[in-house]
Amino acid sequence: MPKSIVLVHGYSVRTLDTYGMLPQLLANDGYMPEHIFLSAFDSLNDDITCDDLANALEYRVLQLELAGLDMSDTGVICHSTGAMVMRRWMLNRRKNKGKLPSHLISLAGANHGSTLAQLGRTQIAFFFRELGGTSVGAEVLQDLDYGSDFLLMLNEDWLDAHLSENPPDTFSFSLIGDDHSALDHQFFWQTHEDGSDGTVRVSSGNLNYRMISLDQNVARPALSVKRLSYKMPHLVLSGVTHTGESGILGGNATTMQKVYPQIKDALNISNKQAYDALAAAWQAKTVAWNNENAEQCCSTIVFSLQHPGGREVEDSLILIKDQKAPDNHQSLSSVKSSLEPHQPIQNDTTPSSVSFYVNFPNFQQTYPHTVEIRVNSGSDEITYPPAIYTVLAGTTAAIDPNEFSYVRVTLKRQPQDTYEVIPFSQNVDIHKQWPPLPKPNGP
């Protein structure tokens with residue numbers, strides 16, 4: 001087990017009791033109180049971004065290291081938004097050749113965002129402002145939105161950093177609950193989605209994911225897939241929520257009897273063989289959960305459309321068609337829709353990012369899938385070729401249960417019709433105003 005532990009909380013936390021019984025449980029297991037650190041950030045300031053928090057964390061960690069902390073012998077346990085901050089900090093530190101933690105345990109980490117990000121800037125934001133007299137962390141919520149620039153960069157950088165690591169520098173784990181049945185989760189659809197703990201989707205908490213890319217500008221466009229060659233241990237805990245009495249962090253004694261033994265198992269990992277064995281054991285438990293909760297076994301696909309020069313895509317249509325419903329993207333299965341309700345979701349700030357949330361068992365039954373993407377430039381003179389590709393079951397481009405898939409399409413902008421070259425011999429009327437210009441060899 002690592003010598004020290006750093007605890008990192010999530011969005012909207014304003015008191016250190018959010019960690020509940022966890023510090024004392026760690027102390028009971030032999031951790032000295034001076035080796036348990038409770039970190040905090042002002043997550044409700046509208047001007048703070050997740051990048052700011054990661055940079056501020058580095059400043060504080062440097063102070064701890066000067067006081068004797070050995071980060072390479074330190075485990076980090078983070079919750080919700082704290083997982084995004086910690087992972088960004090780790091990537092920054094790796095770039096600067098700093099020491100990395102020995103263990104990272106993500107408890108319901110919003111590693112790929114949260115459906116509540118957009119809700120937090122509307123109804124919930126009203127309550128925070130009017131009743132709480134404070135701001136809502138608008139920038140943090142923007143970073144939490146599916147397909148945000150922050151999340152796209154974070155997860156591509158994370159994957160690139162770990163592709164060459166086997167074993168990894170840091171043993172990383174993800175745990176998440178599945179309970180969204182509480183009464184206060186029923187007011188908004190965003191808080192009681194299938195396959196979520198009321199705040200974060202199981203797929204969003206999972207550190208196993210893939211990034212698929214398609215570049216229309218190369219000679220022969222083809223799908224390219226990046227994913228790890230090994231599985232990071234991921235476990236779904238039945239009956240556990242995001243926060244509260246049944247919360248994965250701060251839950252009561254009964255809940256922590258489910259959660260803490262898993263944390264302890266993760267902290268006890270010291271080599272790749274044990275790491276792989278735990279990944280397999282947790283995977284077997286999660287497969288059993290999938291079989292018992294087929295309606296909750298879901299996956300997320302985020303499409304990100306981009307120009308080579310970074311121009312935003314404002315108007316697009318993304319269709320996912322299957323063999324049973326080839327012309328109806330709203331009903332991907334003839335038995336029960338693979339597409340979960342209220343889908344797709346367009347990113348509020350980056351309209352070129354669109355996410356689809358699907359029921360995996362239903363989605364799996366309808367392979368092959370054809371993806372068709374059409375983009376409107378807003379100008380008759382500029383067009384884009386449609387992006388059309390087919391995904392077969394069992395290929396690297398196919399999705400897995402409880403996982404996230406990023407699909408980045410680099411578009412080919414076709415501006416040919418914005419310019420003309422006219423032979424002088426055509427004897428055109430040079431005094432006639434345009435547009436349109438006369439076409440060569442045309443009338």
# chains A, B, ... in the order shown; residues from 1 in each chain; ligands from 1
$ residues_around --residues "A:Asn217" --least-positions-apart "6" --cutoff "9 Å" --atoms "only C-alpha atoms" --output "ChimeraX atom specification"
/A:308,410-413
$ write_last_selection --atoms "N, CA and C atoms" --output "PDB file, in the first residue's frame"
ATOM      1  N   PRO A 308      -9.591  21.176 -40.449  1.00  0.00           N
ATOM      2  CA  PRO A 308      -8.142  21.163 -40.217  1.00  0.00           C
ATOM      3  C   PRO A 308      -7.643  22.452 -39.581  1.00  0.00           C
ATOM      4  N   THR A 410     -12.359  14.665 -39.175  1.00  0.00           N
ATOM      5  CA  THR A 410     -11.763  15.869 -39.748  1.00  0.00           C
ATOM      6  C   THR A 410     -12.346  16.053 -41.143  1.00  0.00           C
ATOM      7  N   LEU A 411     -13.092  17.120 -41.323  1.00  0.00           N
ATOM      8  CA  LEU A 411     -13.882  17.339 -42.530  1.00  0.00           C
ATOM      9  C   LEU A 411     -13.037  17.870 -43.682  1.00  0.00           C
ATOM     10  N   LYS A 412     -13.522  17.615 -44.874  1.00  0.00           N
ATOM     11  CA  LYS A 412     -12.897  18.162 -46.079  1.00  0.00           C
ATOM     12  C   LYS A 412     -13.782  19.295 -46.594  1.00  0.00           C
ATOM     13  N   ARG A 413     -13.284  20.493 -46.482  1.00  0.00           N
ATOM     14  CA  ARG A 413     -14.028  21.667 -46.928  1.00  0.00           C
ATOM     15  C   ARG A 413     -13.788  21.859 -48.424  1.00  0.00           C
TER      16      ARG A 413
END
$ residues_around --residues "stretch 72-85 of chain A" --least-positions-apart "4" --cutoff "6 Å" --atoms "only C-alpha atoms" --output "list in words"
Pro2, Lys3, Ser4, Ile5, Val6, Leu7, Val8, His9, Gly10, Tyr11, Cys50, Ala54, Lys99, Leu100, Pro101, Ser102, His103, Leu104, Ile105, Ser106, Leu107, Ala108, Gly109, Ala110 and Asn111 of chain A
$ select_by_dssp --residues "stretch 21-120 of chain A" --states "helix (DSSP H, G or I)" --output "ChimeraX atom specification"
/A:22-28,33-35,50-66,71-73,81-95,116-119
$ write_last_selection --atoms "C-alpha atoms" --output "JSON list (two decimals), in the first residue's frame"
[["chain", "number", "residue", "atom", "x", "y", "z"],
["A", 22, "LEU", "CA", -13.20, 7.44, 4.37],
["A", 23, "PRO", "CA", -10.40, 9.27, 6.27],
["A", 24, "GLN", "CA", -11.16, 7.33, 9.46],
["A", 25, "LEU", "CA", -11.37, 4.02, 7.58],
["A", 26, "LEU", "CA", -7.94, 4.71, 6.14],
["A", 27, "ALA", "CA", -6.63, 5.60, 9.59],
["A", 28, "ASN", "CA", -8.08, 2.38, 10.98],
["A", 33, "PRO", "CA", -3.34, 11.05, 10.11],
["A", 34, "GLU", "CA", -0.41, 13.21, 8.97],
["A", 35, "HIS", "CA", -0.23, 11.07, 5.80],
["A", 50, "CYS", "CA", -10.62, 22.65, -14.55],
["A", 51, "ASP", "CA", -7.24, 23.64, -15.99],
["A", 52, "ASP", "CA", -6.99, 26.33, -13.30],
["A", 53, "LEU", "CA", -7.72, 23.78, -10.60],
["A", 54, "ALA", "CA", -5.10, 21.37, -11.98],
["A", 55, "ASN", "CA", -2.49, 24.14, -12.02],
["A", 56, "ALA", "CA", -3.40, 25.22, -8.49],
["A", 57, "LEU", "CA", -3.14, 21.60, -7.33],
["A", 58, "GLU", "CA", 0.42, 21.45, -8.66],
["A", 59, "TYR", "CA", 1.34, 24.49, -6.56],
["A", 60, "ARG", "CA", -0.01, 22.82, -3.41],
["A", 61, "VAL", "CA", 1.59, 19.46, -4.16],
["A", 62, "LEU", "CA", 4.98, 21.12, -4.62],
["A", 63, "GLN", "CA", 4.60, 22.58, -1.13],
["A", 64, "LEU", "CA", 3.80, 19.12, 0.27],
["A", 65, "GLU", "CA", 6.80, 17.63, -1.49],
["A", 66, "LEU", "CA", 9.07, 20.28, -0.03],
["A", 71, "MET", "CA", 4.29, 11.52, -4.48],
["A", 72, "SER", "CA", 5.52, 8.26, -6.03],
["A", 73, "ASP", "CA", 4.48, 6.54, -2.79],
["A", 81, "THR", "CA", -15.22, 16.24, -11.07],
["A", 82, "GLY", "CA", -12.12, 15.71, -8.96],
["A", 83, "ALA", "CA", -11.14, 12.86, -11.29],
["A", 84, "MET", "CA", -10.96, 15.26, -14.25],
["A", 85, "VAL", "CA", -8.84, 17.70, -12.27],
["A", 86, "MET", "CA", -6.50, 15.00, -10.97],
["A", 87, "ARG", "CA", -5.99, 13.37, -14.37],
["A", 88, "ARG", "CA", -5.23, 16.74, -15.97],
["A", 89, "TRP", "CA", -2.75, 17.44, -13.16],
["A", 90, "MET", "CA", -1.10, 14.05, -13.71],
["A", 91, "LEU", "CA", -0.70, 14.73, -17.44],
["A", 92, "ASN", "CA", 0.75, 18.17, -16.78],
["A", 93, "ARG", "CA", 3.16, 16.71, -14.23],
["A", 94, "ARG", "CA", 4.21, 13.93, -16.61],
["A", 95, "LYS", "CA", 5.06, 16.55, -19.23],
["A", 116, "LEU", "CA", -25.96, 17.43, -15.47],
["A", 117, "ALA", "CA", -23.47, 19.87, -17.00],
["A", 118, "GLN", "CA", -26.12, 21.62, -19.09],
["A", 119, "LEU", "CA", -28.77, 21.30, -16.40]]
$ atom_distance --atom1 "atom CA of A:Thr286" --atom2 "atom CA of A:Arg201"
14.4 Å
$ residues_around --residues "A:Leu317" --least-positions-apart "2" --cutoff "12 Å" --atoms "only C-alpha atoms" --output "ChimeraX atom specification"
/A:303,305,313-315,319-320,329,344,346,351-354,371-377,386-388
$ write_last_selection --atoms "N, CA and C atoms" --output "PDB file, in the first residue's frame"
ATOM      1  N   PHE A 303     -19.467  12.245 -31.043  1.00  0.00           N
ATOM      2  CA  PHE A 303     -18.925  12.655 -32.335  1.00  0.00           C
ATOM      3  C   PHE A 303     -18.390  14.076 -32.218  1.00  0.00           C
ATOM      4  N   LEU A 305     -16.806  16.904 -34.747  1.00  0.00           N
ATOM      5  CA  LEU A 305     -16.514  17.293 -36.126  1.00  0.00           C
ATOM      6  C   LEU A 305     -15.591  18.503 -36.105  1.00  0.00           C
ATOM      7  N   VAL A 313     -18.044  23.819 -36.523  1.00  0.00           N
ATOM      8  CA  VAL A 313     -19.124  23.290 -37.352  1.00  0.00           C
ATOM      9  C   VAL A 313     -20.441  23.642 -36.674  1.00  0.00           C
ATOM     10  N   GLU A 314     -21.252  24.455 -37.328  1.00  0.00           N
ATOM     11  CA  GLU A 314     -22.484  24.937 -36.707  1.00  0.00           C
ATOM     12  C   GLU A 314     -23.694  24.070 -37.038  1.00  0.00           C
ATOM     13  N   ASP A 315     -23.738  23.526 -38.248  1.00  0.00           N
ATOM     14  CA  ASP A 315     -24.950  22.848 -38.725  1.00  0.00           C
ATOM     15  C   ASP A 315     -24.575  21.477 -39.284  1.00  0.00           C
ATOM     16  N   LEU A 319     -26.406  10.587 -38.468  1.00  0.00           N
ATOM     17  CA  LEU A 319     -27.356   9.472 -38.456  1.00  0.00           C
ATOM     18  C   LEU A 319     -26.610   8.179 -38.149  1.00  0.00           C
ATOM     19  N   ILE A 320     -27.164   7.393 -37.242  1.00  0.00           N
ATOM     20  CA  ILE A 320     -26.662   6.041 -36.997  1.00  0.00           C
ATOM     21  C   ILE A 320     -27.765   5.089 -37.446  1.00  0.00           C
ATOM     22  N   HIS A 329     -33.084   7.017 -37.746  1.00  0.00           N
ATOM     23  CA  HIS A 329     -32.044   7.129 -36.743  1.00  0.00           C
ATOM     24  C   HIS A 329     -32.597   7.284 -35.339  1.00  0.00           C
ATOM     25  N   PRO A 344     -30.053  12.691 -29.503  1.00  0.00           N
ATOM     26  CA  PRO A 344     -28.695  12.978 -29.058  1.00  0.00           C
ATOM     27  C   PRO A 344     -28.612  14.298 -28.285  1.00  0.00           C
ATOM     28  N   GLN A 346     -26.376  17.826 -27.981  1.00  0.00           N
ATOM     29  CA  GLN A 346     -25.363  18.683 -28.598  1.00  0.00           C
ATOM     30  C   GLN A 346     -24.688  19.519 -27.519  1.00  0.00           C
ATOM     31  N   PRO A 351     -20.854  23.327 -30.632  1.00  0.00           N
ATOM     32  CA  PRO A 351     -21.932  22.627 -31.354  1.00  0.00           C
ATOM     33  C   PRO A 351     -21.440  21.529 -32.274  1.00  0.00           C
ATOM     34  N   SER A 352     -20.134  21.483 -32.550  1.00  0.00           N
ATOM     35  CA  SER A 352     -19.604  20.423 -33.409  1.00  0.00           C
ATOM     36  C   SER A 352     -19.435  19.106 -32.668  1.00  0.00           C
ATOM     37  N   SER A 353     -19.734  19.092 -31.348  1.00  0.00           N
ATOM     38  CA  SER A 353     -19.696  17.856 -30.565  1.00  0.00           C
ATOM     39  C   SER A 353     -21.118  17.405 -30.245  1.00  0.00           C
ATOM     40  N   VAL A 354     -21.444  16.183 -30.626  1.00  0.00           N
ATOM     41  CA  VAL A 354     -22.787  15.621 -30.430  1.00  0.00           C
ATOM     42  C   VAL A 354     -22.633  14.219 -29.849  1.00  0.00           C
ATOM     43  N   VAL A 371     -22.872   4.774 -40.207  1.00  0.00           N
ATOM     44  CA  VAL A 371     -22.866   6.145 -39.707  1.00  0.00           C
ATOM     45  C   VAL A 371     -22.786   7.089 -40.903  1.00  0.00           C
ATOM     46  N   GLU A 372     -23.677   8.053 -40.928  1.00  0.00           N
ATOM     47  CA  GLU A 372     -23.701   9.036 -42.014  1.00  0.00           C
ATOM     48  C   GLU A 372     -23.681  10.432 -41.407  1.00  0.00           C
ATOM     49  N   ILE A 373     -22.722  11.241 -41.827  1.00  0.00           N
ATOM     50  CA  ILE A 373     -22.568  12.599 -41.296  1.00  0.00           C
ATOM     51  C   ILE A 373     -22.623  13.586 -42.449  1.00  0.00           C
ATOM     52  N   ARG A 374     -23.540  14.532 -42.339  1.00  0.00           N
ATOM     53  CA  ARG A 374     -23.672  15.576 -43.365  1.00  0.00           C
ATOM     54  C   ARG A 374     -23.529  16.936 -42.700  1.00  0.00           C
ATOM     55  N   VAL A 375     -22.815  17.843 -43.364  1.00  0.00           N
ATOM     56  CA  VAL A 375     -22.538  19.156 -42.808  1.00  0.00           C
ATOM     57  C   VAL A 375     -22.980  20.228 -43.794  1.00  0.00           C
ATOM     58  N   ASN A 376     -23.633  21.250 -43.263  1.00  0.00           N
ATOM     59  CA  ASN A 376     -24.067  22.395 -44.068  1.00  0.00           C
ATOM     60  C   ASN A 376     -23.205  23.598 -43.702  1.00  0.00           C
ATOM     61  N   SER A 377     -22.526  24.180 -44.681  1.00  0.00           N
ATOM     62  CA  SER A 377     -21.632  25.307 -44.423  1.00  0.00           C
ATOM     63  C   SER A 377     -22.382  26.613 -44.243  1.00  0.00           C
ATOM     64  N   PRO A 386     -20.242  13.973 -47.790  1.00  0.00           N
ATOM     65  CA  PRO A 386     -20.751  13.253 -46.614  1.00  0.00           C
ATOM     66  C   PRO A 386     -19.727  12.228 -46.119  1.00  0.00           C
ATOM     67  N   ALA A 387     -19.683  12.051 -44.811  1.00  0.00           N
ATOM     68  CA  ALA A 387     -18.849  11.002 -44.220  1.00  0.00           C
ATOM     69  C   ALA A 387     -19.751   9.797 -43.964  1.00  0.00           C
ATOM     70  N   ILE A 388     -19.477   8.710 -44.641  1.00  0.00           N
ATOM     71  CA  ILE A 388     -20.296   7.502 -44.513  1.00  0.00           C
ATOM     72  C   ILE A 388     -19.365   6.311 -44.276  1.00  0.00           C
TER      73      ILE A 388
END
$ atom_distance --atom1 "atom CA of A:Ser204" --atom2 "atom CA of A:Thr300"
7.8 Å
$ closest_residue --among "A:Trp434, A:Phe424, A:Tyr260, A:Tyr389" --to "A:Ala222" --atoms "only C-alpha atoms"
A:Tyr389
$ atom_distance --atom1 "atom CA of A:Asn290" --atom2 "atom CA of A:Asp197"
14.9 Å
$ select_by_dssp --residues "stretch 121-323 of chain A" --states "strand (DSSP E or B)" --output "ChimeraX atom specification"
/A:171-177,196,201,209-215,224-227,234-237,241,247,298-306,315-322
$ closest_residue --among "A:Val136, A:Leu339, A:Ala397, A:Ile263" --to "A:Ser174" --atoms "only C-alpha atoms"
A:Ile263
$ closest_residue --among "A:Thr395, A:Thr15, A:Ser338, A:Thr370" --to "A:Ala40" --atoms "only C-alpha atoms"
A:Thr15
$ residues_around --residues "A:Ser224" --least-positions-apart "2" --cutoff "7 Å" --atoms "only C-alpha atoms" --output "PyMOL selection string"
chain A and resi 212-214+222+226
$ write_last_selection --atoms "C-alpha atoms" --output "JSON list (two decimals), in the first residue's frame"
[["chain", "number", "residue", "atom", "x", "y", "z"],
["A", 212, "ILE", "CA", -11.83, 6.65, -33.37],
["A", 213, "SER", "CA", -10.76, 9.08, -36.06],
["A", 214, "LEU", "CA", -11.58, 9.64, -39.72],
["A", 222, "ALA", "CA", -10.30, 5.05, -43.21],
["A", 226, "LYS", "CA", -6.73, 4.05, -30.42]]
$ closest_atom_pairs --of "stretch 180-229 of chain A" --to "stretch 355-363 of chain A" --cutoff "10 Å" --atoms "only C-alpha atoms" --output "CSV"
residue,atom,partner,partner_atom,distance
A:Glu193,CA,A:Tyr357,CA,9.8
A:Asp194,CA,A:Asn359,CA,8.5
A:Gly195,CA,A:Asn359,CA,8.8
A:Arg201,CA,A:Tyr357,CA,9.8
A:Ser203,CA,A:Tyr357,CA,9.5
$ closest_residue --among "A:Lys97, A:Thr255, A:Tyr406, A:Ser164" --to "A:Leu152" --atoms "only C-alpha atoms"
A:Tyr406
$ closest_residue --among "A:Ala279, A:Leu249, A:Ala398, A:Ala288" --to "A:Ile301" --atoms "only C-alpha atoms"
A:Ala398
$ residues_around --residues "A:Ser270" --least-positions-apart "2" --cutoff "10 Å" --atoms "only C-alpha atoms" --output "list of chain:residue names"
A:Met1, A:Pro2, A:Ser102, A:His103, A:Phe171, A:Ala266, A:Leu267, A:Asn268, A:Lys272, A:Gln273, A:Ala274, A:Tyr275
